[in-house]
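Trainee: run.cif (mmCIF, C-alpha atoms) pasted underneath:
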data_final
loop_
_atom_site.label_atom_id
_atom_site.label_comp_id
_atom_site.auth_asym_id
_atom_site.auth_seq_id
_atom_site.Cartn_x
_atom_site.Cartn_y
_atom_site.Cartn_z
CA MET L 219 0.00 0.00 0.00
CA THR L 220 1.34 3.42 -0.95
CA SER L 221 1.67 5.79 1.98
CA ARG L 222 2.75 9.39 2.27
CA GLY L 223 3.28 11.65 5.24
CA PHE L 224 4.67 14.91 6.48
CA THR L 225 7.72 13.89 8.51
CA SER L 226 10.06 15.44 5.91
CA ASP L 227 10.32 16.20 2.22
CA ASN L 228 13.36 13.90 2.39
CA ALA L 229 10.87 11.06 2.85
CA SER L 230 9.08 11.76 -0.41
CA GLY L 231 9.30 9.72 -3.58
CA VAL L 232 11.15 10.60 -6.78
CA HIS L 233 9.52 12.63 -9.51
CA PRO L 234 8.81 10.48 -12.60
CA ALA L 235 10.67 12.94 -14.82
CA VAL L 236 13.73 12.60 -12.60
CA LEU L 237 13.53 8.82 -12.69
CA ALA L 238 13.28 8.97 -16.48
CA ALA L 239 16.34 11.22 -16.61
CA ILE L 240 18.33 8.78 -14.48
CA ALA L 241 17.33 5.90 -16.74
CA ALA L 242 18.28 7.86 -19.86
CA ALA L 243 21.68 8.70 -18.36
CA GLY L 244 22.30 4.98 -17.90
CA GLU L 245 22.26 4.25 -21.62
CA GLY L 246 25.75 3.39 -22.80
CA HIS L 247 29.07 4.57 -21.36
CA GLU L 248 30.16 8.15 -20.66
CA PRO L 249 33.36 9.77 -19.36
CA SER L 250 33.58 9.82 -15.57
CA TYR L 251 33.97 12.58 -12.97
CA GLY L 252 31.84 15.13 -14.84
CA GLY L 253 33.27 14.71 -18.31
CA ASP L 254 29.93 13.45 -19.63
CA ARG L 255 27.40 15.14 -21.90
CA THR L 256 24.71 15.37 -19.21
CA THR L 257 26.94 17.33 -16.85
CA ALA L 258 27.93 19.62 -19.72
CA ALA L 259 24.26 20.23 -20.52
CA LEU L 260 23.60 20.96 -16.85
CA GLY L 261 26.35 23.59 -16.89
CA GLU L 262 24.78 25.27 -19.91
CA ARG L 263 21.36 25.31 -18.28
CA VAL L 264 22.79 26.76 -15.07
CA SER L 265 24.33 29.61 -17.07
CA GLU L 266 20.88 30.37 -18.48
CA VAL L 267 19.19 30.32 -15.08
CA PHE L 268 21.84 31.95 -12.87
CA GLY L 269 23.96 33.95 -15.31
CA PRO L 270 26.98 33.31 -17.55
CA ASP L 271 29.49 33.30 -14.70
CA ALA L 272 27.65 30.66 -12.66
CA ARG L 273 29.28 27.24 -12.25
CA ILE L 274 27.66 24.16 -10.76
CA PHE L 275 29.38 21.30 -8.95
CA PRO L 276 27.10 18.32 -8.22
CA VAL L 277 27.63 16.60 -4.87
CA PHE L 278 26.07 13.69 -3.01
CA ASN L 279 24.04 15.60 -0.41
CA GLY L 280 23.26 18.90 1.27
CA THR L 281 25.68 18.47 4.14
CA GLY L 282 28.45 17.87 1.63
CA ALA L 283 27.43 20.98 -0.30
CA ASN L 284 27.52 23.12 2.84
CA VAL L 285 30.89 21.75 3.95
CA VAL L 286 32.50 22.32 0.54
CA ALA L 287 30.97 25.78 0.17
CA LEU L 288 32.16 27.02 3.55
CA GLN L 289 35.68 25.71 3.03
CA ALA L 290 35.94 27.52 -0.30
CA MET L 291 35.02 30.87 1.24
CA LEU L 292 37.21 30.74 4.34
CA GLN L 293 40.85 30.70 5.33
CA ARG L 294 41.81 28.16 7.98
CA TRP L 295 41.74 30.85 10.65
CA ASP L 296 38.31 32.17 9.67
CA ALA L 297 34.80 31.48 10.93
CA ALA L 298 31.37 31.46 9.35
CA VAL L 299 28.52 33.22 11.12
CA ALA L 300 25.07 31.59 11.14
CA THR L 301 21.93 31.68 13.25
CA GLU L 302 21.66 29.35 16.20
CA VAL L 303 18.82 27.48 14.45
CA SER L 304 20.53 27.02 11.09
CA HIS L 305 20.52 23.47 9.76
CA MET L 306 24.29 23.10 9.72
CA VAL L 307 24.37 24.07 13.40
CA THR L 308 21.50 21.88 14.59
CA ASP L 309 21.43 18.91 12.19
CA GLU L 310 24.78 18.35 10.52
CA SER L 311 26.60 16.95 13.55
CA THR L 312 30.27 17.95 13.44
CA ALA L 313 30.59 17.73 9.64
CA PRO L 314 31.66 21.38 9.17
CA GLN L 315 34.30 20.97 11.87
CA LEU L 316 35.40 17.39 11.21
CA VAL L 317 35.44 17.44 7.41
CA GLY L 318 35.98 21.11 6.69
CA GLY L 319 37.78 22.32 9.80
CA THR L 320 35.26 25.16 9.86
CA ARG L 321 34.43 27.18 12.95
CA ILE L 322 30.82 28.37 13.07
CA VAL L 323 29.88 31.30 15.28
CA THR L 324 26.20 31.37 16.11
CA VAL L 325 23.98 34.41 16.56
CA ALA L 326 20.38 35.05 17.52
CA HIS L 327 17.66 34.98 14.91
CA ALA L 328 14.42 36.74 14.05
CA GLY L 329 11.92 34.10 13.01
CA GLY L 330 14.75 31.87 11.81
CA LYS L 331 16.39 34.67 9.83
CA ALA L 332 19.65 36.52 10.27
CA THR L 333 19.49 40.30 10.19
CA PRO L 334 22.17 43.00 10.32
CA ALA L 335 21.23 43.55 13.96
CA THR L 336 21.63 39.88 14.91
CA LEU L 337 24.84 39.48 12.91
CA ALA L 338 26.59 42.62 14.17
CA PRO L 339 27.63 41.29 17.62
CA ALA L 340 29.63 38.44 16.06
CA PHE L 341 31.59 40.87 13.91
CA ASP L 342 31.88 43.58 16.56
CA ALA L 343 33.34 41.09 19.04
CA TYR L 344 36.30 40.28 16.80
CA ASP L 345 39.38 42.11 18.04
CA GLY L 346 41.62 41.50 15.05
CA THR L 347 44.12 39.37 16.98
CA VAL L 348 45.37 35.88 16.20
CA HIS L 349 43.67 34.64 19.36
CA HIS L 350 40.23 34.63 17.83
CA ALA L 351 38.66 33.37 14.61
CA ARG L 352 37.94 36.08 12.08
CA PRO L 353 34.28 36.21 10.99
CA ALA L 354 34.67 36.06 7.21
CA ALA L 355 31.40 34.63 5.89
CA VAL L 356 27.69 34.83 6.61
CA SER L 357 25.66 31.67 6.03
CA LEU L 358 21.91 31.98 5.76
CA ALA L 359 19.21 29.50 4.76
CA GLN L 360 16.55 30.19 2.14
CA SER L 361 14.05 29.01 3.26
CA THR L 362 15.03 28.87 6.92
CA GLU L 363 14.94 25.94 9.30
CA LEU L 364 11.69 27.37 10.71
CA GLY L 365 10.03 27.52 7.30
CA THR L 366 10.31 31.28 6.87
CA VAL L 367 11.57 33.01 3.73
CA TYR L 368 13.78 36.07 3.28
CA THR L 369 12.16 38.80 1.22
CA GLY L 370 14.24 40.49 -1.44
CA ALA L 371 14.75 43.46 0.86
CA GLU L 372 15.80 41.28 3.80
CA LEU L 373 18.24 39.37 1.64
CA ALA L 374 19.70 42.59 0.29
CA ALA L 375 20.14 43.97 3.81
CA VAL L 376 22.06 40.91 4.97
CA THR L 377 24.30 40.76 1.90
CA ALA L 378 24.99 44.50 2.13
CA PHE L 379 25.96 44.08 5.78
CA ALA L 380 28.30 41.22 4.89
CA ARG L 381 29.96 43.22 2.11
CA ASP L 382 30.41 46.18 4.45
CA ARG L 383 32.18 43.87 6.92
CA GLY L 384 34.33 42.27 4.22
CA ALA L 385 32.55 38.93 4.47
CA ARG L 386 31.33 36.53 1.83
CA VAL L 387 27.78 35.17 1.69
CA HIS L 388 26.69 31.53 1.56
CA VAL L 389 23.07 30.50 1.05
CA ASP L 390 21.96 27.08 2.21
CA GLY L 391 19.36 26.53 -0.49
CA ALA L 392 18.12 23.06 0.41
CA ARG L 393 14.63 24.52 -0.11
CA LEU L 394 15.56 27.45 -2.36
CA ALA L 395 12.89 26.32 -4.82
CA ASN L 396 10.17 26.71 -2.18
CA ALA L 397 11.41 30.19 -1.28
CA ALA L 398 11.47 31.28 -4.92
CA ALA L 399 8.03 29.84 -5.55
CA ARG L 400 6.58 31.62 -2.53
CA HIS L 401 7.72 35.03 -3.76
CA ASP L 402 7.10 34.17 -7.42
CA VAL L 403 10.68 34.93 -8.40
CA GLY L 404 13.40 32.98 -10.16
CA LEU L 405 15.97 30.87 -8.37
CA ALA L 406 18.66 33.46 -9.03
CA GLU L 407 16.63 36.24 -7.44
CA ALA L 408 15.87 34.09 -4.39
CA CYS L 409 19.61 33.92 -3.60
CA ALA L 410 20.64 37.33 -4.97
CA GLY L 411 23.93 38.59 -3.56
CA ALA L 412 25.31 35.18 -2.61
CA ASP L 413 28.81 34.08 -3.52
CA VAL L 414 28.07 30.37 -3.16
CA VAL L 415 24.80 28.46 -2.85
CA SER L 416 24.11 24.95 -1.65
CA LEU L 417 21.47 24.13 -4.26
CA GLY L 418 18.95 21.56 -3.10
CA ALA L 419 17.32 18.90 -5.25
CA THR L 420 16.63 15.94 -2.97
CA LYS L 421 13.81 17.71 -1.14
CA ASN L 422 12.08 18.63 -4.41
CA GLY L 423 11.79 15.37 -6.30
CA ALA L 424 15.34 14.09 -6.75
CA MET L 425 16.46 10.64 -5.65
CA PHE L 426 19.75 11.86 -4.22
CA GLY L 427 22.26 14.61 -4.86
CA ASP L 428 22.49 18.36 -4.51
CA ALA L 429 25.06 20.85 -5.79
CA VAL L 430 27.42 23.66 -4.91
CA LEU L 431 26.47 26.59 -7.10
CA VAL L 432 29.29 29.11 -7.47
CA LEU L 433 28.27 32.65 -8.39
CA ASP L 434 31.66 34.30 -7.75
CA PRO L 435 34.02 32.93 -10.44
CA ALA L 436 37.01 33.32 -8.11
CA LEU L 437 35.62 30.48 -5.98
CA ALA L 438 35.13 27.98 -8.80
CA GLU L 439 38.57 26.39 -8.59
CA PRO L 440 38.55 26.11 -4.78
CA VAL L 441 35.14 24.43 -4.89
CA ASP L 442 36.27 22.09 -7.66
CA ARG L 443 39.32 20.98 -5.69
CA LEU L 444 37.62 20.86 -2.31
CA ARG L 445 34.78 18.75 -3.66
CA LYS L 446 37.29 15.99 -4.39
CA ALA L 447 39.18 16.49 -1.12
CA SER L 448 35.89 16.32 0.83
CA THR L 449 34.82 13.01 -0.79
CA GLN L 450 31.93 14.65 -2.68
CA LEU L 451 33.13 13.99 -6.24
CA ALA L 452 31.00 11.29 -7.89
CA SER L 453 32.72 9.11 -10.46
CA LYS L 454 29.44 8.50 -12.32
CA MET L 455 28.46 12.13 -11.96
CA ARG L 456 25.99 12.02 -14.82
CA PHE L 457 23.43 10.34 -12.57
CA VAL L 458 23.45 13.31 -10.19
CA SER L 459 23.64 15.84 -13.02
CA ALA L 460 20.68 14.20 -14.79
CA GLN L 461 18.45 14.83 -11.78
CA LEU L 462 19.49 18.47 -11.43
CA LEU L 463 19.04 19.04 -15.15
CA ALA L 464 15.58 17.47 -15.09
CA LEU L 465 14.51 19.80 -12.28
CA LEU L 466 15.86 22.84 -14.14
CA THR L 467 14.14 21.85 -17.40
CA ASP L 468 10.73 23.39 -18.13
CA ASP L 469 10.70 24.76 -14.57
CA LEU L 470 9.98 21.36 -13.03
CA TRP L 471 11.58 22.70 -9.82
CA LEU L 472 8.90 25.39 -9.73
CA THR L 473 5.99 23.03 -10.34
CA GLY L 474 7.02 20.81 -7.47
CA ALA L 475 7.78 23.66 -5.07
CA ARG L 476 4.54 25.49 -5.81
CA HIS L 477 2.58 22.32 -5.19
CA ALA L 478 4.34 21.62 -1.88
CA ASN L 479 3.81 25.20 -0.74
CA ALA L 480 0.13 25.06 -1.66
CA VAL L 481 -0.34 21.82 0.29
CA ALA L 482 1.36 23.44 3.31
CA ASP L 483 -1.00 26.40 3.04
CA HIS L 484 -3.99 24.07 2.90
CA LEU L 485 -2.78 22.13 5.92
CA ALA L 486 -2.28 25.35 7.88
CA ALA L 487 -5.82 26.45 7.02
CA ARG L 488 -7.32 23.11 8.06
CA LEU L 489 -5.41 23.18 11.35
CA GLY L 490 -6.76 26.67 11.85
CA ASP L 491 -10.26 25.26 11.47
CA LEU L 492 -9.48 23.10 14.50
CA GLY L 493 -8.22 26.08 16.48
CA VAL L 494 -4.62 24.86 16.36
CA ALA L 495 -2.07 27.66 16.72
CA LEU L 496 0.88 27.99 14.36
CA ARG L 497 4.34 28.53 15.83
CA HIS L 498 5.74 30.30 12.74
CA PRO L 499 4.34 31.85 9.57
CA VAL L 500 3.90 29.34 6.76
CA GLU L 501 6.12 30.81 4.05
CA ALA L 502 7.45 27.71 2.31
CA ASN L 503 6.40 24.06 2.63
CA ALA L 504 6.71 23.53 6.40
CA VAL L 505 3.98 23.94 9.00
CA PHE L 506 4.95 24.22 12.67
CA PHE L 507 1.97 23.91 15.00
CA ALA L 508 1.42 23.86 18.75
CA VAL L 509 0.45 20.66 20.53
CA ASP L 510 -0.15 20.05 24.21
CA PRO L 511 3.03 18.34 25.50
CA ARG L 512 0.84 15.74 27.18
CA VAL L 513 -0.68 14.77 23.84
CA LEU L 514 2.38 15.12 21.62
CA PRO L 515 3.97 11.65 22.14
CA ALA L 516 0.77 9.83 21.20
CA LEU L 517 0.18 12.12 18.23
CA VAL L 518 3.59 11.64 16.68
CA ALA L 519 3.38 7.89 17.32
CA GLU L 520 0.32 7.73 15.08
CA ALA L 521 0.69 10.63 12.66
CA PRO L 522 3.45 10.97 10.03
CA VAL L 523 4.89 14.18 11.51
CA LEU L 524 7.99 15.20 13.46
CA ALA L 525 8.14 16.28 17.10
CA TRP L 526 10.10 19.54 16.87
CA ASP L 527 10.21 20.29 20.58
CA ALA L 528 8.15 19.45 23.65
CA GLY L 529 5.16 21.47 22.45
CA THR L 530 5.64 21.78 18.69
CA VAL L 531 5.07 19.50 15.73
CA ARG L 532 6.54 20.03 12.26
CA ALA L 533 4.75 18.86 9.13
CA VAL L 534 6.52 19.24 5.77
CA ALA L 535 4.66 18.99 2.46
CA SER L 536 6.30 17.50 -0.62
CA PHE L 537 5.96 17.72 -4.38
CA ASP L 538 3.73 14.62 -4.28
CA SER L 539 1.62 15.42 -1.20
CA THR L 540 -2.13 15.36 -1.75
CA GLU L 541 -5.27 16.87 -0.28
CA GLU L 542 -6.16 13.39 0.95
CA ASP L 543 -2.89 13.30 2.89
CA VAL L 544 -3.83 16.59 4.53
CA GLU L 545 -7.28 15.37 5.52
CA ALA L 546 -5.86 12.14 6.94
CA LEU L 547 -3.43 14.11 9.13
CA VAL L 548 -6.10 16.58 10.23
CA THR L 549 -8.34 13.69 11.25
CA VAL L 550 -5.62 12.25 13.47
CA VAL L 551 -4.83 15.66 14.99
CA ALA L 552 -8.52 16.30 15.71
CA ARG L 553 -8.87 12.94 17.43
CA HIS L 554 -5.90 13.61 19.72
CA LEU L 555 -7.09 17.11 20.53
CA GLY L 556 -10.29 15.43 21.67
#
Can you present the structure in this file as structure tokens?
Mentor:
Amino acid sequence: MTSRGFTSDNASGVHPAVLAAIAAAGEGHEPSYGGDRTTAALGERVSEVFGPDARIFPVFNGTGANVVALQAMLQRWDAAVATEVSHMVTDESTAPQLVGGTRIVTVAHAGGKATPATLAPAFDAYDGTVHHARPAAVSLAQSTELGTVYTGAELAAVTAFARDRGARVHVDGARLANAAARHDVGLAEACAGADVVSLGATKNGAMFGDAVLVLDPALAEPVDRLRKASTQLASKMRFVSAQLLALLTDDLWLTGARHANAVADHLAARLGDLGVALRHPVEANAVFFAVDPRVLPALVAEAPVLAWDAGTVRAVASFDSTEEDVEALVTVVARHLG
């Protein structure tokens, strides 16, 4: 029996167009390590979407993309600055430190977002001596770990702050497609001002694989070399490239993200009908809602959702979520609310 839920968009299936692209890439033999025709076609498409200077480097996963991206932007004595709720702080174990040797300085957030005001203390505290790591990059997530999305103005304010402080900008774009779809802008506009982007695909219909998207040409060679050194270089790269190319063809990325966002909106509205309070605005494809801590264990044991904290549940819609899935979840929630 086919089942779907809302625990994560990582739990979703694979889009049929992506599966077809993988199968097509398996016909015959091709040069390895990115020398194939599919990876070349992906590079051409990326230039169309993100500009002629953009370069894409497929990797195995989002953690790998973040680790490679941060290394490329920083000297060994530098630090990246991110919010205390960013994914690479809360859910990527010690990968930035162990694999990349990267120090991450955390700051407060405003609804999951970094702002010039929250970032300033990390930069102001640096005294310029060799005794402390130099804050040299800002890493932000679009959309954020709390399901919120930077507006164009908010993004511009953060990137302007970083430039003023001599820092580079990294965007963790695991759900960049959902952010772009929410504001009805292109992928490039959703990460405007970034030097490097961790471009997500797995959460939007891919089987596996994401990419490091380089927008500052000076960082292309470091990313290329660090991808290999960080064990993120696939020998049969065409199978990762085929998925990314499929998502970037005919705006498939947008179709899937718009659908997931719409399902999240519908779920939020149906929870509202039950009087359930939302913890954060629904701006992408994630819904965070309040649950009595006494009820939460039984709810998450039955419903396909994630316990976020003692009184909060997270439900994430996917490209293949349906209205029936929403109604099934709402029925379970209503029963536990009693």
Trainee: Find the residue from L:Ala480, L:Leu470, L:Glu302, L:Leu433 that sits nearest to Ser265 of chain L; use all atoms listed in the file when measuring.
Mentor: L:Leu433
Trainee: Would you work out the distance separating atom CA of Phe457 of chain L from atom CA of Leu237 of chain L, expressed in Å to one decimal?
Mentor: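 Going from atom CA of Phe457 of chain L over to atom CA of Leu237 of chain L covers 10.0 Å.
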Trainee: If you take only C-alpha atoms and a cut-off of 12 Å, which residues of segment 232-310 of chain L touch segment 535-548 of chain L, and what are their nearest atom pairs and distances in Å to one decimal, in chain and number order, as JSON lines?
Mentor:
{"residue": "L:Val232", "atom": "CA", "partner": "L:Asp538", "partner_atom": "CA", "distance": 8.8}
{"residue": "L:His233", "atom": "CA", "partner": "L:Asp538", "partner_atom": "CA", "distance": 8.1}
{"residue": "L:Pro234", "atom": "CA", "partner": "L:Asp538", "partner_atom": "CA", "distance": 10.6}
Trainee: How many Å separate atom CA of Gly529 of chain L from atom CA of Ala552 of chain L?
Mentor: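 Separating atom CA of Gly529 of chain L from atom CA of Ala552 of chain L is a distance of 16.1 Å.
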Trainee: Neighbours of Ala374 of chain L within 12 Å (all atoms listed in the file; same-chain residues fewer than 4 positions away dropped), as a list in words?
Mentor: Ala332, Thr333, Pro334, Tyr368, Thr369, Gly370, Ala378, Phe379, Ala380, Arg381, Val387, Glu407, Ala408, Cys409, Ala410, Gly411 and Ala412 of chain L
Trainee: Check what the PyMOL selection byres ((chain L and resi 272-277) around 6) selects in the file above and give those residues as a list in words.
Mentor: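 Given this file, the PyMOL selection byres ((chain L and resi 272-277) around 6) evaluates to Ser265, Phe268, Gly269, Pro270, Asp271, Phe278, Asn279, Gly427, Asp428, Ala429, Val430, Leu431, Val432, Leu433 and Gln450 of chain L.
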Trainee: Dig up all the protein and nucleic acid residues within 12 Å of (-5.2, 20.9, 11.0) in the file frame, using only C-alpha atoms, and format them as a PyMOL selection string.
Mentor: chain L and resi 481-496+505-509+521+531-533+541+543-555
Trainee: Please list as a list of chain:residue names every residue within 7 Å of segment 335-342 of chain L, counting only C-alpha atoms and excluding residues in the same chain fewer than 4 positions away.
Mentor: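 Contacts, with the query itself left out: L:Val325, L:Ala326, L:His327, L:Pro353.
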Trainee: Only C-alpha atoms, please: the residues just picked out, written as a PDB file, in the frame of the given file.
Mentor:
ATOM      1  CA  VAL L 325      23.980  34.410  16.560  1.00  0.00           C
ATOM      2  CA  ALA L 326      20.380  35.050  17.520  1.00  0.00           C
ATOM      3  CA  HIS L 327      17.660  34.980  14.910  1.00  0.00           C
ATOM      4  CA  PRO L 353      34.280  36.210  10.990  1.00  0.00           C
TER       5      PRO L 353
END
Trainee: Point out the residue among L:Ala313, L:Ala359, L:Ala398, L:Leu514 with the least atom-to-atom distance to Gln289 of chain L, counting only C-alpha atoms.
Mentor: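 Result for the nearest residue to Gln289 of chain L: L:Ala313.
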Trainee: Smallest atom-to-atom distance to Val236 of chain L: which of L:Ala528, L:Ala424, L:Leu444, L:Leu437, using all atoms listed in the file?
Mentor: L:Ala424
Trainee: Which residues would end up in the selection if the PyMOL selection byres ((chain L and resi 386) around 7) were applied here, given that I need the answer as a list in words?
Mentor: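 Here the PyMOL selection byres ((chain L and resi 386) around 7) matches Met291, Ala354, Ala355, Val356, Ala380, Arg381, Gly384, Ala385, Val387, His388 and Asp413 of chain L.
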Trainee: Set up a box along x, y and z of the file covering all listed atoms of segment 326-339 of chain L, add 4 Å on every one of the six sides, and write the centre and edge lengths in Å to one decimal, as AutoDock Vina command-line options.
Mentor:
--center_x 19.8 --center_y 37.7 --center_z 13.7 --size_x 23.7 --size_y 19.7 --size_z 15.8
Trainee: For a quick check of understanding, using all atoms listed in the file, which of L:Thr308, L:Asn503, L:Thr362, L:Ser357 has the smallest distance to Lys421 of chain L?
Mentor: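 Among the listed residues, the smallest separation from Lys421 of chain L belongs to L:Asn503.
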Trainee: Can we get segment 459-472 of chain L of that structure written down with N, CA and C atoms, as an mmCIF file, in the first residue's frame?
Mentor:
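Saved to out.cif:
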data_model
loop_
_atom_site.group_PDB
_atom_site.id
_atom_site.type_symbol
_atom_site.label_atom_id
_atom_site.label_comp_id
_atom_site.auth_asym_id
_atom_site.auth_seq_id
_atom_site.Cartn_x
_atom_site.Cartn_y
_atom_site.Cartn_z
ATOM 1 N N SER L 459 23.888 14.726 -12.098
ATOM 2 C CA SER L 459 23.636 15.836 -13.018
ATOM 3 C C SER L 459 22.297 15.678 -13.731
ATOM 4 N N ALA L 460 21.941 14.443 -14.087
ATOM 5 C CA ALA L 460 20.684 14.204 -14.790
ATOM 6 C C ALA L 460 19.489 14.647 -13.958
ATOM 7 N N GLN L 461 19.555 14.435 -12.656
ATOM 8 C CA GLN L 461 18.452 14.830 -11.784
ATOM 9 C C GLN L 461 18.340 16.356 -11.686
ATOM 10 N N LEU L 462 19.483 17.009 -11.509
ATOM 11 C CA LEU L 462 19.489 18.467 -11.429
ATOM 12 C C LEU L 462 19.007 19.086 -12.739
ATOM 13 N N LEU L 463 19.450 18.521 -13.849
ATOM 14 C CA LEU L 463 19.038 19.036 -15.152
ATOM 15 C C LEU L 463 17.546 18.847 -15.370
ATOM 16 N N ALA L 464 17.019 17.711 -14.959
ATOM 17 C CA ALA L 464 15.583 17.472 -15.094
ATOM 18 C C ALA L 464 14.783 18.509 -14.315
ATOM 19 N N LEU L 465 15.224 18.828 -13.104
ATOM 20 C CA LEU L 465 14.506 19.803 -12.281
ATOM 21 C C LEU L 465 14.592 21.209 -12.863
ATOM 22 N N LEU L 466 15.687 21.505 -13.556
ATOM 23 C CA LEU L 466 15.862 22.841 -14.141
ATOM 24 C C LEU L 466 15.275 22.952 -15.544
ATOM 25 N N THR L 467 14.736 21.847 -16.063
ATOM 26 C CA THR L 467 14.144 21.845 -17.399
ATOM 27 C C THR L 467 12.641 22.109 -17.304
ATOM 28 N N ASP L 468 12.159 23.038 -18.107
ATOM 29 C CA ASP L 468 10.732 23.393 -18.126
ATOM 30 C C ASP L 468 10.205 23.750 -16.742
ATOM 31 N N ASP L 469 11.085 24.306 -15.914
ATOM 32 C CA ASP L 469 10.695 24.764 -14.572
ATOM 33 C C ASP L 469 10.030 23.664 -13.733
ATOM 34 N N LEU L 470 10.513 22.430 -13.864
ATOM 35 C CA LEU L 470 9.977 21.360 -13.027
ATOM 36 C C LEU L 470 10.177 21.669 -11.555
ATOM 37 N N TRP L 471 11.316 22.311 -11.213
ATOM 38 C CA TRP L 471 11.577 22.698 -9.824
ATOM 39 C C TRP L 471 10.443 23.566 -9.283
ATOM 40 N N LEU L 472 9.937 24.458 -10.149
ATOM 41 C CA LEU L 472 8.898 25.394 -9.732
ATOM 42 C C LEU L 472 7.560 24.690 -9.550
#
